[in-house]
>>> print(open('entry_14.cif').read())   # mmCIF, C-alpha atoms
data_model
loop_
_atom_site.label_atom_id
_atom_site.label_comp_id
_atom_site.auth_asym_id
_atom_site.auth_seq_id
_atom_site.Cartn_x
_atom_site.Cartn_y
_atom_site.Cartn_z
CA MET G 228 184.48 99.92 90.67
CA LYS G 229 183.79 101.89 87.51
CA PRO G 230 183.47 105.63 88.10
CA LEU G 231 179.99 107.01 87.55
CA THR G 232 181.38 110.08 85.93
CA ASP G 233 178.04 111.31 84.68
CA ARG G 234 176.93 112.04 88.26
CA ARG G 235 179.14 115.08 88.49
CA GLY G 236 179.31 115.96 84.81
CA GLY G 237 183.08 115.49 84.74
CA SER G 238 183.55 113.33 81.68
CA SER G 239 180.11 112.17 80.61
CA PRO G 240 179.38 112.65 76.87
CA ARG G 241 176.05 114.19 77.81
CA ALA G 242 177.60 116.75 80.13
CA GLN G 243 180.58 117.71 77.97
CA ARG G 244 181.00 119.05 74.49
CA ARG G 245 184.05 119.68 72.40
CA SER G 246 184.71 122.25 69.76
CA SER G 247 184.73 121.10 66.17
CA PRO G 248 187.84 119.15 65.12
CA THR G 249 188.82 121.92 62.70
CA ALA G 250 188.68 124.59 65.41
CA VAL G 251 190.70 122.43 67.79
CA LEU G 252 193.26 121.68 65.08
CA LEU G 253 193.67 125.37 64.26
CA ARG G 254 194.44 126.14 67.90
CA VAL G 255 196.71 123.14 68.46
CA LEU G 256 198.67 123.31 65.21
CA PRO G 257 200.63 126.52 65.99
CA ALA G 258 201.81 125.13 69.34
CA ALA G 259 202.78 121.81 67.78
CA ALA G 260 204.65 123.58 64.99
CA LEU G 261 206.56 125.86 67.38
CA VAL G 262 207.48 122.99 69.71
CA ALA G 263 208.62 120.85 66.76
CA LEU G 264 210.65 123.76 65.38
CA ALA G 265 212.27 124.39 68.76
CA LEU G 266 213.18 120.72 69.15
CA ALA G 267 214.59 120.42 65.63
CA GLY G 268 216.17 123.89 65.62
CA PRO G 269 219.78 122.91 66.42
CA TRP G 270 219.84 120.66 63.34
CA ILE G 271 218.61 123.27 60.85
CA THR G 272 220.73 126.29 61.77
CA PRO G 273 222.25 127.98 58.69
CA HIS G 274 225.47 128.80 60.58
CA ALA G 275 227.38 127.50 63.58
CA VAL G 276 225.94 129.09 66.72
CA ASP G 277 229.34 129.93 68.24
CA GLU G 278 231.20 131.31 65.22
CA PRO G 279 231.09 134.98 64.14
CA VAL G 280 229.71 135.46 60.64
CA THR G 281 229.34 139.24 60.57
CA ALA G 282 230.22 142.40 62.47
CA PRO G 283 228.93 142.80 66.03
CA PHE G 284 225.29 143.97 66.03
CA ALA G 285 225.27 144.06 62.23
CA GLU G 286 221.91 144.82 60.68
CA ALA G 287 219.81 142.11 59.08
CA GLY G 288 220.81 141.16 55.57
CA GLY G 289 223.46 139.41 53.57
CA GLY G 290 224.48 136.11 55.09
CA ALA G 291 222.67 136.82 58.38
CA LEU G 292 218.91 137.07 57.89
CA LEU G 293 218.38 138.59 61.36
CA GLY G 294 221.77 140.23 61.64
CA GLY G 295 224.49 139.59 64.20
CA ASP G 296 224.63 139.56 67.98
CA GLN G 297 227.17 141.24 70.28
CA LEU G 298 229.95 138.96 68.98
CA GLY G 299 228.84 138.90 65.36
CA ARG G 300 227.21 135.45 65.60
CA ASP G 301 224.16 134.74 63.46
CA VAL G 302 221.02 135.69 65.41
CA LEU G 303 218.76 133.38 63.40
CA SER G 304 220.96 130.37 64.07
CA ARG G 305 221.07 131.09 67.79
CA VAL G 306 217.30 131.59 67.92
CA LEU G 307 216.74 128.26 66.19
CA ALA G 308 219.17 126.51 68.53
CA GLY G 309 218.09 128.27 71.71
CA GLY G 310 214.62 126.84 72.17
CA ARG G 311 215.13 123.09 72.53
CA GLU G 312 216.47 123.09 76.07
CA LEU G 313 213.78 125.56 77.14
CA VAL G 314 210.99 123.39 75.73
CA LEU G 315 212.39 120.19 77.23
CA SER G 316 212.87 121.84 80.63
CA ALA G 317 209.34 123.28 80.57
CA LEU G 318 207.83 119.92 79.56
CA LEU G 319 209.70 118.16 82.35
CA ILE G 320 208.63 120.72 84.96
CA ALA G 321 204.99 120.74 83.81
CA ALA G 322 204.74 116.95 83.69
CA VAL G 323 206.32 116.38 87.10
CA VAL G 324 204.31 119.12 88.81
CA THR G 325 201.02 117.97 87.27
CA ALA G 326 201.60 114.29 88.05
CA ALA G 327 202.70 114.95 91.63
CA ALA G 328 199.86 117.41 92.24
CA ALA G 329 197.32 114.93 90.84
CA VAL G 330 198.37 112.18 93.25
CA ILE G 331 198.90 114.39 96.31
CA GLY G 332 195.70 116.36 95.67
CA ALA G 333 193.59 113.24 95.22
CA ILE G 334 194.98 111.70 98.41
CA GLY G 335 194.37 114.95 100.26
CA ALA G 336 190.74 114.99 99.12
CA LEU G 337 190.19 111.35 100.10
CA ARG G 338 191.97 111.67 103.44
CA PRO G 339 191.05 115.06 105.00
CA ALA G 340 193.71 114.75 107.71
CA VAL G 341 196.40 114.36 105.06
CA GLY G 342 194.82 117.17 103.07
CA ARG G 343 195.12 119.59 105.99
CA VAL G 344 198.82 118.78 106.41
CA VAL G 345 199.38 119.22 102.67
CA GLU G 346 197.61 122.58 102.66
CA ARG G 347 199.63 123.88 105.60
CA ALA G 348 202.86 122.82 103.91
CA ALA G 349 201.70 124.44 100.68
CA ASP G 350 200.92 127.68 102.53
CA VAL G 351 204.49 127.82 103.82
CA LEU G 352 206.03 127.23 100.40
CA ILE G 353 203.73 129.78 98.75
CA LEU G 354 205.16 132.47 101.02
CA LEU G 355 208.61 132.02 99.44
CA PRO G 356 209.09 134.47 96.53
CA SER G 357 209.72 132.60 93.29
CA VAL G 358 212.79 134.60 92.28
CA LEU G 359 214.39 134.17 95.69
CA GLY G 360 213.58 130.47 95.75
CA ILE G 361 215.09 129.87 92.33
CA MET G 362 218.26 131.73 93.26
CA LEU G 363 218.61 129.87 96.57
CA VAL G 364 218.19 126.45 94.99
CA ALA G 365 220.21 127.16 91.84
CA LEU G 366 223.11 128.81 93.63
CA SER G 367 223.34 126.13 96.34
CA TRP G 368 223.04 123.26 93.83
CA PRO G 369 226.44 121.77 92.94
CA GLY G 370 227.18 122.96 89.43
CA GLY G 371 223.88 124.82 89.08
CA GLY G 372 222.56 124.80 85.53
CA ARG G 373 219.22 123.80 84.06
CA LEU G 374 218.69 120.86 86.42
CA ALA G 375 218.88 123.15 89.43
CA VAL G 376 216.42 125.59 87.85
CA ALA G 377 214.04 122.74 87.01
CA ALA G 378 214.18 121.44 90.59
CA ALA G 379 213.46 124.91 91.96
CA ALA G 380 210.58 125.42 89.53
CA ILE G 381 209.05 122.08 90.53
CA VAL G 382 209.27 122.84 94.25
CA LEU G 383 207.84 126.33 93.83
CA GLY G 384 205.10 125.33 91.39
CA LEU G 385 203.83 122.31 93.31
CA PRO G 386 201.96 124.11 96.16
CA TYR G 387 199.66 126.02 93.81
CA ALA G 388 198.98 122.92 91.74
CA VAL G 389 198.29 120.73 94.78
CA ARG G 390 195.78 123.17 96.21
CA LEU G 391 193.99 123.44 92.87
CA VAL G 392 193.74 119.68 92.43
CA THR G 393 192.67 119.15 96.04
CA HIS G 394 189.76 121.56 95.71
CA ALA G 395 188.77 120.07 92.34
CA ALA G 396 188.91 116.53 93.76
CA ALA G 397 186.91 117.32 96.92
CA PRO G 398 183.44 116.98 95.26
CA VAL G 399 184.51 113.72 93.64
CA ALA G 400 185.77 112.31 96.94
CA ALA G 401 182.44 113.21 98.57
CA SER G 402 180.32 111.61 95.85
CA GLY G 403 178.28 108.50 96.46
CA TYR G 404 180.22 106.06 94.32
CA VAL G 405 183.52 106.93 96.02
CA GLU G 406 181.93 106.56 99.46
CA ALA G 407 180.49 103.21 98.39
CA ALA G 408 183.89 102.07 97.14
CA THR G 409 185.49 103.17 100.42
CA ALA G 410 182.86 101.33 102.44
CA GLY G 411 183.51 98.26 100.27
CA GLY G 412 187.12 98.19 101.40
CA GLU G 413 188.80 99.47 98.24
CA ARG G 414 192.42 100.49 98.69
CA LEU G 415 193.46 104.13 98.63
CA TRP G 416 195.48 103.80 95.43
CA PHE G 417 192.52 102.15 93.72
CA LEU G 418 190.31 105.07 94.69
CA VAL G 419 192.89 107.57 93.46
CA VAL G 420 193.61 105.90 90.12
CA ARG G 421 190.21 104.48 89.22
CA ASP G 422 187.65 106.76 90.85
CA VAL G 423 189.11 110.24 91.37
CA LEU G 424 191.72 111.01 88.70
CA PRO G 425 189.58 109.91 85.70
CA ASN G 426 187.07 112.59 86.72
CA LEU G 427 189.78 115.27 86.80
CA ARG G 428 191.01 114.93 83.22
CA ALA G 429 189.87 118.40 82.22
CA THR G 430 191.39 119.98 85.33
CA LEU G 431 194.69 118.16 84.92
CA LEU G 432 194.96 118.98 81.22
CA ALA G 433 194.36 122.65 81.91
CA LEU G 434 196.86 122.49 84.76
CA LEU G 435 199.46 120.91 82.49
CA GLY G 436 199.12 123.75 80.01
CA LEU G 437 199.31 126.41 82.70
CA ARG G 438 202.33 124.78 84.34
CA PHE G 439 204.09 124.61 80.97
CA VAL G 440 203.55 128.32 80.39
CA GLU G 441 204.68 129.10 83.94
CA ALA G 442 207.75 126.90 83.47
CA VAL G 443 208.66 128.75 80.26
CA TYR G 444 208.63 132.05 82.10
CA VAL G 445 210.47 130.68 85.15
CA VAL G 446 213.24 129.07 83.09
CA SER G 447 213.49 132.18 80.92
CA MET G 448 213.73 134.40 83.99
CA ALA G 449 216.47 132.20 85.43
CA GLY G 450 218.34 132.37 82.14
CA PHE G 451 218.00 136.16 82.04
CA LEU G 452 219.46 136.30 85.57
CA GLN G 453 222.23 133.90 84.46
CA VAL G 454 221.28 131.48 87.20
CA GLY G 455 220.73 128.57 84.80
CA PRO G 456 222.51 128.28 81.45
CA GLN G 457 225.73 130.25 81.12
CA PRO G 458 227.37 131.97 78.12
CA PRO G 459 228.20 131.08 75.41
CA ALA G 460 225.17 128.75 75.40
CA ALA G 461 222.49 129.53 72.82
CA ASP G 462 219.49 130.36 75.00
CA TRP G 463 216.62 132.75 74.31
CA ALA G 464 216.74 134.43 77.72
CA LEU G 465 220.52 134.76 77.59
CA MET G 466 220.24 136.31 74.14
CA ILE G 467 217.89 138.99 75.48
CA ARG G 468 220.27 139.81 78.32
CA GLU G 469 223.47 139.74 76.25
CA ASN G 470 222.17 141.74 73.30
CA SER G 471 220.15 144.39 75.13
CA PRO G 472 223.01 146.96 74.96
CA GLY G 473 222.87 146.86 71.16
CA ILE G 474 219.10 146.87 70.68
CA LEU G 475 219.28 150.16 68.76
CA LEU G 476 221.93 148.77 66.41
CA ASN G 477 220.23 145.45 65.67
CA PRO G 478 216.78 145.18 67.31
CA TRP G 479 216.31 141.61 66.04
CA ALA G 480 219.01 140.35 68.40
CA VAL G 481 216.59 141.10 71.27
CA LEU G 482 213.19 141.04 69.55
CA ALA G 483 213.59 137.61 67.93
CA PRO G 484 214.16 135.62 71.17
CA SER G 485 211.56 137.75 73.00
CA ILE G 486 208.93 137.00 70.36
CA ALA G 487 209.88 133.32 70.41
CA VAL G 488 209.29 133.05 74.17
CA GLY G 489 205.98 134.92 73.95
CA LEU G 490 204.66 132.91 70.99
CA LEU G 491 205.63 129.61 72.59
CA ALA G 492 203.83 130.40 75.85
CA LEU G 493 200.74 131.83 74.12
CA SER G 494 200.35 129.03 71.58
CA VAL G 495 200.71 126.26 74.16
CA ASN G 496 198.20 127.96 76.44
CA LEU G 497 195.68 128.22 73.59
CA ALA G 498 196.28 124.60 72.60
CA ALA G 499 195.68 123.37 76.16
CA ALA G 500 192.49 125.41 76.39
CA ALA G 501 191.26 123.93 73.10
CA LEU G 502 191.86 120.37 74.28
CA VAL G 503 190.05 120.80 77.61
CA PRO G 504 186.47 119.43 77.52
CA GLN G 505 183.94 122.15 78.12
CA THR G 506 180.78 121.66 80.11
CA GLY G 507 177.55 121.66 78.24
CA ARG G 508 175.86 124.15 80.52
CA LYS G 509 174.71 127.30 78.79
CA ALA G 510 175.75 130.66 80.10
CA VAL G 511 172.97 132.71 81.68
CA THR G 512 173.00 136.44 81.10
CA LEU G 513 172.06 138.48 84.14
CA LEU G 514 169.84 141.39 83.24
#
>>> encode(input="entry_14.cif", output="structure tokens")
Amino acid sequence: MKPLTDRRGGSSPRAQRRSSPTAVLLRVLPAAALVALALAGPWITPHAVDEPVTAPFAEAGGGALLGGDQLGRDVLSRVLAGGRELVLSALLIAAVVTAAAAVIGAIGALRPAVGRVVERAADVLILLPSVLGIMLVALSWPGGGRLAVAAAAIVLGLPYAVRLVTHAAAPVAASGYVEAATAGGERLWFLVVRDVLPNLRATLLALLGLRFVEAVYVVSMAGFLQVGPQPPAADWALMIRENSPGILLNPWAVLAPSIAVGLLALSVNLAAAALVPQTGRKAVTLL
């Protein structure tokens, strides 16, 4: 059964409007450029990331555009090489959390009994502090590393995402065309894939962007705590931790990776917001 999406204004052309292509491009281009630069960074470093090229905490200039770190390694090279694993980890976490939340949330909206169980389980997981959860999972995981941090971030991020999708899917599940499809004997997976999820595109796209930003901060926090990647790996969070004692000698050793993390999260968030369809309802000013 084809979803009558215009009944709830979810994806109907009449009920949604998009910004001009130029405006969308201007908001998406910075994120795309930063992600591409982070992915290609290890191949365009001017120096080897693990070889000293200057004095420890040397000022910017000469053969090191951003100076040296605590061991005299080129800060620019380590910044260029330190973003790829972060971006890939954040993309993996955001994609898995969004996909799992979409399926679980849609099933919970279609089957209220399942939805109540899911919400109770989510309430329990939400009570676990994120930092403590990451440390428990990462430290108990054999070998630790980025995979352990990603697993912890997925487990901790899923409850919030599931609850959001469940509440967004509830009006769709209660709509007439879904009830008619259910009465007609359609299978649960058919209802989820064909009737519910197509009407949640805007919600899921916004959720994907938010989960990516959250994953960037979670992975960075784990790196700063040295729970994930370990020295001498080139990692933005590790660079902030390792070079903080020499911030007065060479501020770029700390500022450059800090700015990179902030710009990545901000640009991706703006890009996701630009790609989300906006409803055509006009705002009403209360006098």
>>> residues_near_point(input="entry_14.cif", point="(200.3, 129.1, 99.4)", cutoff="10 Å", atoms="all atoms listed in the file", output="list of chain:residue names")
G:Glu346, G:Arg347, G:Ala348, G:Ala349, G:Asp350, G:Val351, G:Leu352, G:Ile353, G:Leu354, G:Leu355, G:Leu383, G:Leu385, G:Pro386, G:Tyr387, G:Ala388, G:Val389, G:Arg390
>>> atom_distance(input="entry_14.cif", atom1="CA of Pro279 in chain G", atom2="CA of Val446 in chain G")
26.7 Å
>>> resolve_selection(input="entry_14.cif", expression="the PyMOL selection byres ((chain G and resi 391-397) around 9)", output="list of chain:residue names")
G:Ala328, G:Ala329, G:Val330, G:Ile331, G:Gly332, G:Ala333, G:Ile334, G:Gly335, G:Ala336, G:Leu337, G:Gly342, G:Glu346, G:Pro386, G:Tyr387, G:Ala388, G:Val389, G:Arg390, G:Pro398, G:Val399, G:Ala400, G:Ala401, G:Ser402, G:Val423, G:Leu424, G:Asn426, G:Leu427, G:Thr430, G:Leu431, G:Leu434
>>> axis_aligned_box(input="entry_14.cif", around="range 373-380 of chain G", padding_each_side="4 Å", output="AutoDock Vina command-line options")
--center_x 214.9 --center_y 123.2 --center_z 88.0 --size_x 16.6 --size_y 12.7 --size_z 15.9
>>> closest_residue(input="entry_14.cif", among="G:Val306, G:Leu482, G:Leu363, G:Ala377", to="Trp463 in chain G", atoms="only C-alpha atoms")
G:Val306
>>> closest_residue(input="entry_14.cif", among="G:Leu502, G:Val302, G:Val280, G:Ala291", to="Leu256 in chain G", atoms="all atoms listed in the file")
G:Leu502
>>> closest_residue(input="entry_14.cif", among="G:Ser304, G:Ser367, G:Gln457, G:Ser247", to="Pro484 in chain G", atoms="all atoms listed in the file")
G:Ser304
>>> atom_distance(input="entry_14.cif", atom1="CA of Val358 in chain G", atom2="CA of Ala258 in chain G")
27.1 Å
>>> residues_around(input="entry_14.cif", residues="Asp296 in chain G", least_positions_apart="6", cutoff="7 Å", atoms="only C-alpha atoms", output="list of chain:residue names")
G:Pro283, G:Phe284, G:Val302, G:Asn470, G:Ala480
>>> atom_distance(input="entry_14.cif", atom1="CA of Ala265 in chain G", atom2="CA of Arg305 in chain G")
11.1 Å
>>> resolve_selection(input="entry_14.cif", expression="the PyMOL selection byres ((chain G and resi 318) around 12)", output="PyMOL selection string")
chain G and resi 262+266+311-317+319-326+377+380-381+435-443+446+492+495
>>> closest_residue(input="entry_14.cif", among="G:Ala327, G:Leu465, G:Ala449, G:Ala340", to="Gly360 in chain G", atoms="only C-alpha atoms")
G:Ala449
>>> closest_residue(input="entry_14.cif", among="G:Ala285, G:Arg428, G:Leu493, G:Ala487", to="Leu264 in chain G", atoms="all atoms listed in the file")
G:Ala487
>>> resolve_selection(input="entry_14.cif", expression="the PyMOL selection byres ((chain G and resi 373) around 8)", output="list in words")
Ser316, Gly371, Gly372, Leu374, Ala375, Val376, Ala377, Gly455 and Pro456 of chain G
>>> write_last_selection(input="entry_14.cif", atoms="C-alpha atoms", output="mmCIF file, in the coordinates of the input")
data_model
loop_
_atom_site.group_PDB
_atom_site.id
_atom_site.type_symbol
_atom_site.label_atom_id
_atom_site.label_comp_id
_atom_site.auth_asym_id
_atom_site.auth_seq_id
_atom_site.Cartn_x
_atom_site.Cartn_y
_atom_site.Cartn_z
ATOM 1 C CA SER G 316 212.870 121.840 80.630
ATOM 2 C CA GLY G 371 223.880 124.820 89.080
ATOM 3 C CA GLY G 372 222.560 124.800 85.530
ATOM 4 C CA LEU G 374 218.690 120.860 86.420
ATOM 5 C CA ALA G 375 218.880 123.150 89.430
ATOM 6 C CA VAL G 376 216.420 125.590 87.850
ATOM 7 C CA ALA G 377 214.040 122.740 87.010
ATOM 8 C CA GLY G 455 220.730 128.570 84.800
ATOM 9 C CA PRO G 456 222.510 128.280 81.450
#
>>> residues_around(input="entry_14.cif", residues="Leu252 in chain G", least_positions_apart="5", cutoff="12 Å", atoms="all atoms listed in the file", output="ChimeraX atom specification")
/G:245-247,257-260,497-502
>>> closest_residue(input="entry_14.cif", among="G:Val419, G:Ala275, G:Phe451, G:Leu432", to="Arg338 in chain G", atoms="only C-alpha atoms")
G:Val419
